[in-house]
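Taking it in order: structure first as structure tokens, then the write-up.
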Amino acid sequence: MGSALLYEYRRAVTLRTTWIFLLIAFAMGGLTTWAQYYISGADNGVGSYNIGLLLTRVTSIYQLTVFVIASFAALSWGHEYRFGLNRLTLSVFPRRWTVFIAKTVGIIVFSSAAWLTSAIGGTLLLFSVDSKHVVDYSLGVVNSTENIGDGRDPKLVMEHIVAWHWLGRSLAFVVVFSLIVGAVTALTRNLTIALIVPNVMMLFAENVLVLVGNFASAATANVMNQVLPFVNGQRFADWSTGSAQGQTASASVPTMQSMTVYLSWAMLLLIGAGISFQRRDA
Amino acid sequence: MRVVCDRLTKDFGNFRAVSSLSFALNAGEVTGFLGPNGSGKSTTMRLMLGLDTGGGSTTFDGKSLNAYSNPAKIVSAHLDAKCFHPNRTARNHLRMVAAASGVTHKRVDEVIELVGLESVARKRPKGFSLGMGQRLGLASALLSQPQVLMLDEPANGLDPQSIAWLRDFVKDYAADGKVVFVSSHLLSEMELLATHLVVIGRGTLIADESMEQFVSRSTRNEVFARTPAAERLMQALAAEGVTAQAADGGVAVAAASTEQVGAIAFTNGIELHELTARKASLEEAFLELTSDTQEYTMERGH
């Protein structure tokens, strides 16, 4: 497994595309945060700043940057078939599950790294345009209990406001989305389909399905809301469905169910892709 | 190392591309793999490597490839001259494969030098010619110095000097106690390269024998006799039950030895100016022995 992971690492880092995607993710993180800052943050003034808002700004890039980040997953599999590299790969690694697992790990690592890059891009830009307010408030949360008002240790307070969840949720959404795109590529062996279908599903098709379901009956729409992957994925990650600072443990239960649905789809597709990769000709 | 293919079978829908193919490859030999277009050569190679799924098995010293901890040290293949990402430099491509094979970067530089790609090692191969692509593919197959080297049409696109280099290299590699399995359509080249042949047609085995045995099966092997009394010699041969016909200003005798023809001429007092055994070329033997198994043929005279 070690050499398969090393192979995957070398495959990724020796391609310029990988670095270009990271750069785009960084730029998009910055640009999206900058846009949000001007649309919402600037109007709210100093008082509106808090860790939750900061984090949601930085991490809410997922819908725009996920396309870029997930492209890596598509290329990870797509290049194998497009350039016949799969024959080379599998002649070195006849145990196909090894290759499949290494690729899956590679996708998780890269999408996490790209998400982090994007978040750093957003944070840096936010700091560069309004560092005083952001830093002031950040320091205020850590150093003073006054802002929170419950007199507890600041670190515990940080947990209490749940804001950090949004980092994890955004990251989870991006990683799972990348795994879905990777699985679709492995299943279809078609880069174009793998890039277009999940994004179209997320941005348009599922919304249309829910809308059509609404016309049929509220129950139908409800079922669709319960089972469609990206509706659930976005519900899990969407900062607007529950404000970070107001989120409570009980309110997060439905979104955890959404994550379960979203993750189940990803696992289903991954298992299908794994079996297909195992059985089909290279 | 001994490679044994046992009843390899591959179906594409209702079409049987490879049908219960069994043969063995031995160390120290260059085995040529011949067959008309569409006969299943590449599919067979992929089956041997486990790239295609199908029936039968291939063992390497009695074990499947999966049983080895580092399969790249056992077998390595060059199946396609364009098997690389066009934007990854040649050196990086090889370093990637090296990572998989547990091979050092020093070895990467060695094979780059070996196949003569030093000047383009840092270039992206999207502009590589077919010949340079072949060299890169070959370099990648040679990285791990495998016990079994499989090459699918490695001479395609190579210039005469490179073909001569490839021939010498492959022969030396086999002479080192390794197994070399090469498919090629360049029969004249194969004649110089291989000592053993596996010939297939329509996915079935036609021959698994030495080059000499295969060529000797051709009816194009003949004895040529140049004589001022061609008509008399043909009559004398016919009387002994030997078929002969006039050709090239002499007599061509099929299925007979020079000793036989010489004795008949001597007995009948016929003067001979030349008596030569003409061996069929590999190409002649191949065309003759695979004529019934050509999947795709062209009309002659157009």
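FYI, nothing fancy with the structure tokens labels: chains A, B, ... in order, residues from 1 per chain, ligands from 1 as they appear.
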
- [ ] For chain B, report every residue with an atom at most 9 Å from chain A (counting only C-alpha atoms), formatted as a ChimeraX atom specification.
- [x] /B:46,49-54,65-66,70-73,75-80,82-89,92-93,95-102,140

Task: Interatomic distance (Å, one decimal) between CA of Gly274 (chain A) and CA of Gly233 (chain A) - done: 22.2 Å

Task: Residue set, region 136-257 of chain B restricted to strand (DSSP E), as a ChimeraX atom specification - done: /B:148-152,179-183,196-201,204-210,222-226,244-247,250-254

- [ ] Enumerate as an MDAnalysis selection string all residues of region 16-227 of chain B assigned to alpha helix (DSSP H) by DSSP on the backbone, naming them with the chain letters and numbers the document uses.
- [x] chainID B and resid 41:49 71:74 90:101 105:114 130:142 160:175 187:193 211:216

Open item on the list: Counting only C-alpha atoms, which residue out of A:Gly121, A:Gly106, A:Pro198, A:Gly30 sits closest to Trp265 (chain A)?
Closed with: A:Pro198

TODO: Compile the contact shell of region 217-229 of chain B as a PyMOL selection string: residues with an atom at most 7 Å away, counting only C-alpha atoms, same-chain residues fewer than 3 positions apart removed.
DONE: chain B and resi 213-214+232-233+249-258+270-280+285+288

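For the pair CA of Val108 (chain B) and CA of Leu94 (chain B), the interatomic distance is 6.2 Å.
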